[in-house]
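Q: structure.cif (mmCIF, C-alpha atoms) pasted underneath:
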```
data_protein
loop_
_atom_site.label_atom_id
_atom_site.label_comp_id
_atom_site.auth_asym_id
_atom_site.auth_seq_id
_atom_site.Cartn_x
_atom_site.Cartn_y
_atom_site.Cartn_z
CA MET A 27 0.00 0.00 0.00
CA ARG A 28 1.10 3.57 -0.67
CA THR A 29 2.03 5.92 2.12
CA GLN A 30 -0.35 8.84 2.57
CA GLU A 31 1.93 11.53 3.99
CA TRP A 32 -0.01 14.13 1.97
CA ILE A 33 -2.82 13.81 4.53
CA LYS A 34 -0.66 15.59 7.13
CA ALA A 35 -0.17 18.62 4.89
CA SER A 36 -3.87 18.70 4.00
CA LEU A 37 -4.84 18.55 7.67
CA LYS A 38 -2.51 21.46 8.41
CA ASP A 39 -4.09 23.47 5.59
CA GLN A 40 -7.52 22.84 7.11
CA GLY A 41 -6.34 23.70 10.62
CA CYS A 42 -6.92 20.10 11.80
CA LYS A 43 -4.85 17.47 13.60
CA LEU A 44 -4.55 13.69 13.53
CA LYS A 45 -6.86 13.45 16.53
CA ASP A 46 -9.57 15.18 14.45
CA VAL A 47 -9.28 12.40 11.87
CA ALA A 48 -9.54 9.79 14.60
CA GLU A 49 -12.69 11.41 15.98
CA ALA A 50 -14.26 11.82 12.53
CA LEU A 51 -13.59 8.18 11.57
CA GLY A 52 -14.31 6.71 14.99
CA ILE A 53 -10.88 5.08 15.27
CA THR A 54 -7.85 5.51 17.51
CA PRO A 55 -4.98 7.93 16.64
CA PRO A 56 -2.55 5.01 16.14
CA ARG A 57 -4.85 3.66 13.42
CA VAL A 58 -4.74 7.06 11.70
CA THR A 59 -0.94 6.89 11.81
CA ASP A 60 -1.15 3.45 10.18
CA ILE A 61 -3.18 4.96 7.32
CA ILE A 62 -0.56 7.66 6.78
CA LYS A 63 2.27 5.12 6.87
CA GLY A 64 0.44 2.89 4.39
CA LYS A 65 -0.14 0.07 6.87
CA ARG A 66 -3.93 0.38 6.87
CA GLU A 67 -6.42 1.16 4.11
CA VAL A 68 -9.24 3.66 4.51
CA GLN A 69 -12.42 1.64 4.97
CA ALA A 70 -15.55 2.19 2.88
CA ASP A 71 -17.50 3.78 5.71
CA GLU A 72 -14.60 6.18 6.37
CA ILE A 73 -14.41 7.69 2.87
CA ILE A 74 -17.12 10.34 3.26
CA PRO A 75 -16.08 11.70 6.70
CA LEU A 76 -12.39 11.75 5.71
CA ALA A 77 -13.18 13.49 2.42
CA GLU A 78 -15.18 16.16 4.24
CA LEU A 79 -12.38 16.69 6.76
CA LEU A 80 -9.79 17.09 3.97
CA ASN A 81 -12.11 19.29 1.89
CA LEU A 82 -12.19 16.83 -1.00
CA SER A 83 -14.94 15.07 -2.88
CA ALA A 84 -15.19 11.32 -2.32
CA LYS A 85 -13.94 10.71 -5.88
CA SER A 86 -10.94 13.00 -5.41
CA LEU A 87 -10.11 11.35 -2.07
CA LEU A 88 -10.13 7.91 -3.65
CA LYS A 89 -7.87 9.18 -6.44
CA SER A 90 -5.57 10.81 -3.87
CA LEU A 91 -5.30 7.58 -1.90
CA GLU A 92 -4.57 5.68 -5.11
CA GLU A 93 -1.75 8.06 -6.12
CA GLY A 94 -0.41 8.78 -2.64
CA LYS A 95 -0.75 12.55 -3.09
CA ARG A 96 -3.52 15.13 -2.88
CA THR A 97 -5.35 15.08 -6.21
CA ILE A 98 -8.41 17.03 -7.30
CA LEU A 99 -10.01 15.53 -10.36
CA ALA A 100 -10.10 17.96 -13.28
CA ASP A 101 -13.76 17.35 -14.03
CA GLU A 102 -14.85 18.25 -10.52
CA THR A 103 -15.48 21.70 -9.13
CA VAL A 104 -15.64 22.51 -5.42
CA THR A 105 -17.96 25.45 -4.90
CA THR A 106 -17.89 25.86 -1.12
CA ILE A 107 -15.30 26.54 1.57
CA PRO A 108 -15.74 25.02 5.04
CA VAL A 109 -15.35 27.33 8.03
CA THR A 110 -12.11 26.29 9.73
CA GLY A 111 -12.76 28.09 13.01
CA LEU A 112 -12.80 31.35 14.95
CA LEU A 113 -9.72 33.61 14.93
CA PHE A 114 -8.58 35.61 17.95
CA GLY A 115 -6.03 38.40 18.25
CA ASP A 116 -3.79 36.42 20.58
CA GLY A 117 -3.36 33.69 17.96
CA ARG A 118 -5.95 31.23 19.16
CA LEU A 119 -7.88 29.26 16.56
CA VAL A 120 -11.07 27.83 18.07
CA ALA A 121 -13.05 25.14 16.26
CA ASN A 122 -16.29 26.32 14.71
CA PRO A 123 -19.14 25.22 17.05
CA ALA A 124 -21.32 22.47 15.61
CA ASN A 125 -24.42 24.59 16.26
CA GLU A 126 -22.99 27.59 14.38
CA SER A 127 -25.37 28.49 11.54
CA VAL A 128 -22.50 29.12 9.12
CA GLN A 129 -20.48 25.98 8.46
CA GLU A 130 -19.42 26.70 4.89
CA VAL A 131 -19.57 29.54 2.38
CA PRO A 132 -19.60 29.68 -1.44
CA VAL A 133 -16.30 30.27 -3.21
CA PRO A 134 -15.94 33.92 -4.31
CA PRO A 135 -17.33 34.93 -7.73
CA GLY A 136 -15.14 34.01 -10.64
CA LEU A 137 -13.58 30.97 -8.93
CA THR A 138 -14.55 27.35 -9.51
CA SER A 139 -12.35 25.74 -6.85
CA ASN A 140 -11.55 26.36 -3.20
CA GLU A 141 -7.92 25.34 -3.70
CA GLY A 142 -5.70 27.54 -1.53
CA LEU A 143 -8.69 29.20 0.17
CA HIS A 144 -9.67 29.11 3.83
CA CYS A 145 -12.66 30.51 5.67
CA PHE A 146 -12.69 31.81 9.25
CA ILE A 147 -14.94 33.81 11.54
CA MET A 148 -13.50 36.79 13.43
CA GLY A 149 -13.66 35.89 17.10
CA ASP A 150 -12.85 39.22 18.75
CA ASN A 151 -12.31 42.95 18.19
CA SER A 152 -8.55 42.87 17.56
CA MET A 153 -9.12 43.97 13.94
CA ALA A 154 -12.30 45.98 14.54
CA LYS A 155 -11.30 48.97 12.39
CA GLU A 156 -11.21 46.65 9.38
CA ILE A 157 -12.91 43.38 10.37
CA LYS A 158 -15.68 43.27 12.95
CA GLN A 159 -16.23 40.47 15.45
CA GLY A 160 -18.39 37.82 13.78
CA ASP A 161 -17.41 38.77 10.23
CA ILE A 162 -16.77 35.92 7.81
CA ILE A 163 -13.24 36.02 6.38
CA ILE A 164 -11.92 34.24 3.30
CA THR A 165 -8.17 34.05 3.04
CA ALA A 166 -6.00 32.91 0.16
CA ASP A 167 -2.56 31.35 0.15
CA PRO A 168 -0.40 34.03 -1.55
CA ARG A 169 1.68 31.26 -3.09
CA THR A 170 -1.42 30.02 -4.95
CA HIS A 171 -3.35 33.26 -5.43
CA PHE A 172 -1.31 36.37 -6.22
CA TYR A 173 -1.57 39.00 -3.50
CA PRO A 174 0.99 41.79 -3.04
CA MET A 175 2.51 42.16 0.42
CA THR A 176 2.02 45.90 0.63
CA PRO A 177 0.84 48.31 3.35
CA GLY A 178 -2.88 48.10 3.93
CA GLY A 179 -3.07 44.36 3.27
CA ILE A 180 -4.30 42.05 6.03
CA PHE A 181 -2.45 38.81 6.59
CA LEU A 182 -2.92 35.64 8.60
CA VAL A 183 0.35 35.09 10.44
CA LYS A 184 1.75 31.88 11.93
CA ARG A 185 2.96 32.57 15.45
CA GLY A 186 4.36 29.51 17.18
CA LYS A 187 2.73 26.12 17.25
CA ASP A 188 -0.94 26.01 16.24
CA LYS A 189 -1.39 29.79 16.40
CA LEU A 190 -2.71 32.06 13.64
CA ALA A 191 -3.32 35.78 14.07
CA LEU A 192 -4.66 38.46 11.74
CA ARG A 193 -2.61 41.63 11.36
CA GLN A 194 -2.61 44.58 8.96
CA MET A 195 0.61 45.70 7.30
CA VAL A 196 1.40 49.31 8.24
CA THR A 197 4.37 51.61 7.73
CA ALA A 198 6.09 53.21 10.71
CA GLU A 199 7.47 56.76 10.62
CA GLY A 200 10.96 55.41 9.94
CA GLY A 201 9.70 53.52 6.91
CA GLU A 202 9.74 50.04 8.48
CA ALA A 203 6.89 47.65 7.76
CA TRP A 204 4.96 46.25 10.72
CA LEU A 205 2.09 43.82 11.10
CA ALA A 206 -0.28 45.37 13.60
CA PRO A 207 -3.71 44.76 15.13
CA VAL A 208 -6.28 47.49 14.51
CA PRO A 209 -8.77 47.44 17.42
CA GLU A 210 -11.05 50.41 18.06
CA GLN A 211 -9.24 51.00 21.34
CA PRO A 212 -5.55 50.18 22.09
CA ASN A 213 -5.14 46.78 23.72
CA PRO A 214 -1.70 45.58 24.90
CA ALA A 215 -2.90 41.97 24.66
CA PHE A 216 -2.66 42.23 20.86
CA GLU A 217 0.99 42.35 19.76
CA SER A 218 2.53 44.03 16.72
CA TRP A 219 5.42 42.45 14.82
CA ARG A 220 8.09 43.90 12.57
CA PHE A 221 7.87 42.50 9.03
CA SER A 222 10.87 41.62 6.90
CA ALA A 223 10.76 40.53 3.28
CA LEU A 224 14.35 39.25 3.58
CA PRO A 225 15.02 35.53 4.08
CA GLN A 226 15.25 34.83 7.79
CA VAL A 227 18.92 33.69 7.66
CA LEU A 228 19.99 36.83 5.76
CA GLU A 229 17.98 39.08 8.06
CA ALA A 230 19.62 37.57 11.12
CA THR A 231 23.02 38.43 9.64
CA THR A 232 22.32 41.97 8.44
CA SER A 233 20.42 43.11 11.53
CA LYS A 234 22.71 41.57 14.13
CA GLY A 235 23.40 44.00 16.95
CA THR A 236 20.76 46.52 15.91
CA GLU A 237 17.78 47.62 17.94
CA ASN A 238 15.45 46.09 15.34
CA SER A 239 16.94 42.64 15.89
CA LEU A 240 15.46 42.70 19.38
CA SER A 241 11.92 43.09 18.02
CA PRO A 242 9.77 40.07 17.24
CA THR A 243 9.98 39.71 13.48
CA VAL A 244 7.66 38.07 10.96
CA TYR A 245 9.15 36.78 7.71
CA THR A 246 7.46 35.87 4.44
CA ASP A 247 7.54 32.20 5.41
CA ASP A 248 5.44 33.10 8.45
CA ILE A 249 2.59 34.42 6.28
CA PHE A 250 -0.04 31.68 6.16
CA ALA A 251 -2.54 33.52 3.98
CA ALA A 252 -3.82 36.93 2.91
CA VAL A 253 -7.33 38.22 3.58
CA GLN A 254 -9.08 38.75 0.26
CA TRP A 255 -12.76 38.77 1.13
CA VAL A 256 -14.75 39.87 4.19
CA HIS A 257 -18.35 39.38 3.16
CA ARG A 258 -17.23 41.07 -0.05
CA SER A 259 -14.11 41.55 -2.16
CA TYR A 260 -11.57 43.12 0.18
CA MET A 261 -9.46 45.90 -1.30
CA PRO A 262 -6.80 47.10 1.14
CA GLN A 263 -6.46 50.79 1.86
CA ALA A 264 -3.01 52.17 2.60
CA ALA A 265 -2.50 52.26 6.36
CA LYS A 266 -0.04 54.29 8.40
#
```
Taking this structure as input, can you express it in the form of structure tokens?
A:
Amino acid sequence: MRTQEWIKASLKDQGCKLKDVAEALGITPPRVTDIIKGKREVQADEIIPLAELLNLSAKSLLKSLEEGKRTILADETVTTIPVTGLLFGDGRLVANPANESVQEVPVPPGLTSNEGLHCFIMGDNSMAKEIKQGDIIITADPRTHFYPMTPGGIFLVKRGKDKLALRQMVTAEGGEAWLAPVPEQPNPAFESWRFSALPQVLEATTSKGTENSLSPTVYTDDIFAAVQWVHRSYMPQAAK
């Protein structure tokens, strides 16, 4: 049997863990590991729940398992995006409650696939000047969907293990780029981070011994996705 290591990457993209697969399939985590290692096949009654968890159709899942890599069949279109969870300014990602009325949303106009797209609900007021608590957010992987990293844009940032936080890119008086929360009222619980477009290794060398090197820094590899729609097409306004 083929190994299914691609499942790990797909789970990460959906904001899920191996234990979520175990719960969805009604099996133990070690059995999920066996599937990934190619020691156990996905059973017939597990196809639908696993496909839903990985945001694939049943046909695409079967093809993916056959090839040992994530595969979306060309003749299939996926027209909805599942809500991954609620985002909070401190980086917490909370699972969408089962009784929440919104569990999925249509893909934005002009798109026929949800590839590279993720949907979240704003959980607090850390971005209230731009995104209100309860707003539905659709983000796009900038490596799949072009999105310039310029001031005014809002980005979903990876901060440590299992943490994702929304921040807007702003320009400080000295010209440096920062990723900052934009609540209605200042709140020290929501951190700002210096942004560097340089590779992390190069940045560590060029900024050694400077005051900026003491500031928490976000690099391009830390950008998980860019906000492109908030109930509507989101067009960033230059922020200062």
Q: Got a sec to resolve the PyMOL selection byres ((chain A and resi 154) around 12) on this structure and send the residues as a ChimeraX atom specification?
A: /A:114-115,148-153,155-161,192-194,207-213
Q: Just the residues within 8 Å of A:Ala84, please, counting all atoms listed in the file, with nothing from its chain fewer than 4 positions along; format it as a PyMOL selection string.
A: chain A and resi 73-74+77+88
Q: If the PyMOL selection byres ((chain A and resi 78) around 12) were run on this exact file, what residues would it hold? Put them as a PDB file with C-alpha atoms, in the coordinates of the input.
A:
```pdb
ATOM      1  CA  SER A  36      -3.870  18.700   4.000  1.00  0.00           C
ATOM      2  CA  LEU A  37      -4.840  18.550   7.670  1.00  0.00           C
ATOM      3  CA  GLN A  40      -7.520  22.840   7.110  1.00  0.00           C
ATOM      4  CA  CYS A  42      -6.920  20.100  11.800  1.00  0.00           C
ATOM      5  CA  ASP A  46      -9.570  15.180  14.450  1.00  0.00           C
ATOM      6  CA  VAL A  47      -9.280  12.400  11.870  1.00  0.00           C
ATOM      7  CA  ALA A  50     -14.260  11.820  12.530  1.00  0.00           C
ATOM      8  CA  LEU A  51     -13.590   8.180  11.570  1.00  0.00           C
ATOM      9  CA  GLU A  72     -14.600   6.180   6.370  1.00  0.00           C
ATOM     10  CA  ILE A  73     -14.410   7.690   2.870  1.00  0.00           C
ATOM     11  CA  ILE A  74     -17.120  10.340   3.260  1.00  0.00           C
ATOM     12  CA  PRO A  75     -16.080  11.700   6.700  1.00  0.00           C
ATOM     13  CA  LEU A  76     -12.390  11.750   5.710  1.00  0.00           C
ATOM     14  CA  ALA A  77     -13.180  13.490   2.420  1.00  0.00           C
ATOM     15  CA  LEU A  79     -12.380  16.690   6.760  1.00  0.00           C
ATOM     16  CA  LEU A  80      -9.790  17.090   3.970  1.00  0.00           C
ATOM     17  CA  ASN A  81     -12.110  19.290   1.890  1.00  0.00           C
ATOM     18  CA  LEU A  82     -12.190  16.830  -1.000  1.00  0.00           C
ATOM     19  CA  SER A  83     -14.940  15.070  -2.880  1.00  0.00           C
ATOM     20  CA  ALA A  84     -15.190  11.320  -2.320  1.00  0.00           C
ATOM     21  CA  LYS A  85     -13.940  10.710  -5.880  1.00  0.00           C
ATOM     22  CA  SER A  86     -10.940  13.000  -5.410  1.00  0.00           C
ATOM     23  CA  LEU A  87     -10.110  11.350  -2.070  1.00  0.00           C
ATOM     24  CA  VAL A 104     -15.640  22.510  -5.420  1.00  0.00           C
ATOM     25  CA  THR A 106     -17.890  25.860  -1.120  1.00  0.00           C
ATOM     26  CA  ILE A 107     -15.300  26.540   1.570  1.00  0.00           C
ATOM     27  CA  PRO A 108     -15.740  25.020   5.040  1.00  0.00           C
ATOM     28  CA  VAL A 109     -15.350  27.330   8.030  1.00  0.00           C
ATOM     29  CA  THR A 110     -12.110  26.290   9.730  1.00  0.00           C
ATOM     30  CA  GLN A 129     -20.480  25.980   8.460  1.00  0.00           C
ATOM     31  CA  GLU A 130     -19.420  26.700   4.890  1.00  0.00           C
TER      32      GLU A 130
END
```
Q: Which residue gives the smallest distance to A:Pro168 among A:Gln69, A:Thr246, A:Gln30, A:Ser139, with all atoms listed in the file counted?
A: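 The shortest atom-to-atom distance to A:Pro168 comes from A:Thr246.
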Q: What residues come out when you apply the PyMOL selection byres ((chain A and resi 28) around 12) to this file, written as a ChimeraX atom specification?
A: /A:27,29-32,60-68,90-95
Q: Tell me, in Å to one decimal, how far atom CA of A:Gly52 is from atom CA of A:Ala124.
A: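 Going from atom CA of A:Gly52 over to atom CA of A:Ala124, I get 17.3 Å.
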Q: Counting only C-alpha atoms, which of A:Val58, A:Ile33, A:Ala252, A:Leu119 gets nearest to A:Thr97?
A: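 Comparing A:Val58, A:Ile33, A:Ala252, A:Leu119 against A:Thr97, the winner is A:Ile33.
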Q: What lies within 9 Å of A:Asn122 using all atoms listed in the file, ignoring chain neighbours under 3 positions off, as a VMD selection string?
A: chain A and resid 109 to 112 125 to 126 128 to 129 146 to 147
Q: Calculated over only C-alpha atoms, which of the candidates A:Gly179, A:Gly142, A:Gly201, A:Gly186 has the smallest distance to A:Asp248?
A: A:Gly186
Q: Suppose you want the space between atom CA of A:Val256 and atom CA of A:Arg96; what is it in Å?
A: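 Interatomic distance here is 28.1 Å.
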Q: Select, from A:Glu141, A:Asp39, A:Glu49, A:Glu217, the residue with the minimum atom-to-atom distance to A:Trp204, counting all atoms listed in the file.
A: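 Among A:Glu141, A:Asp39, A:Glu49, A:Glu217, it is A:Glu217 that comes nearest to A:Trp204.
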Q: Take atom CA of A:Phe216 and atom CA of A:Val183 and report the distance between them in Å, one decimal.
A: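 It comes out at 13.0 Å.
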Q: Quick one: residues within 12 Å of A:Pro134, all atoms listed in the file counted, chain neighbours fewer than 2 positions away excluded, as a PyMOL selection string?
A: chain A and resi 104-107+131-132+136-141+143-145+163-166+254-260
Q: Report, as lines of an AutoDock Vina configuration file, the axis-aligned box around all atoms of stretch 192-208 of chain A present in the file, extended by 5 Å on each side; give centre and edge lengths in Å to one decimal place.
A:
```
center_x = 2.3
center_y = 47.6
center_z = 11.0
size_x = 27.2
size_y = 28.3
size_z = 18.2
```
Q: Rank nothing, just name the residue among A:Lys184, A:Ala251, A:Ala215, A:Thr59 nearest to A:His171, using only C-alpha atoms.
A: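 Ranking A:Lys184, A:Ala251, A:Ala215, A:Thr59 by distance to A:His171, first place goes to A:Ala251.
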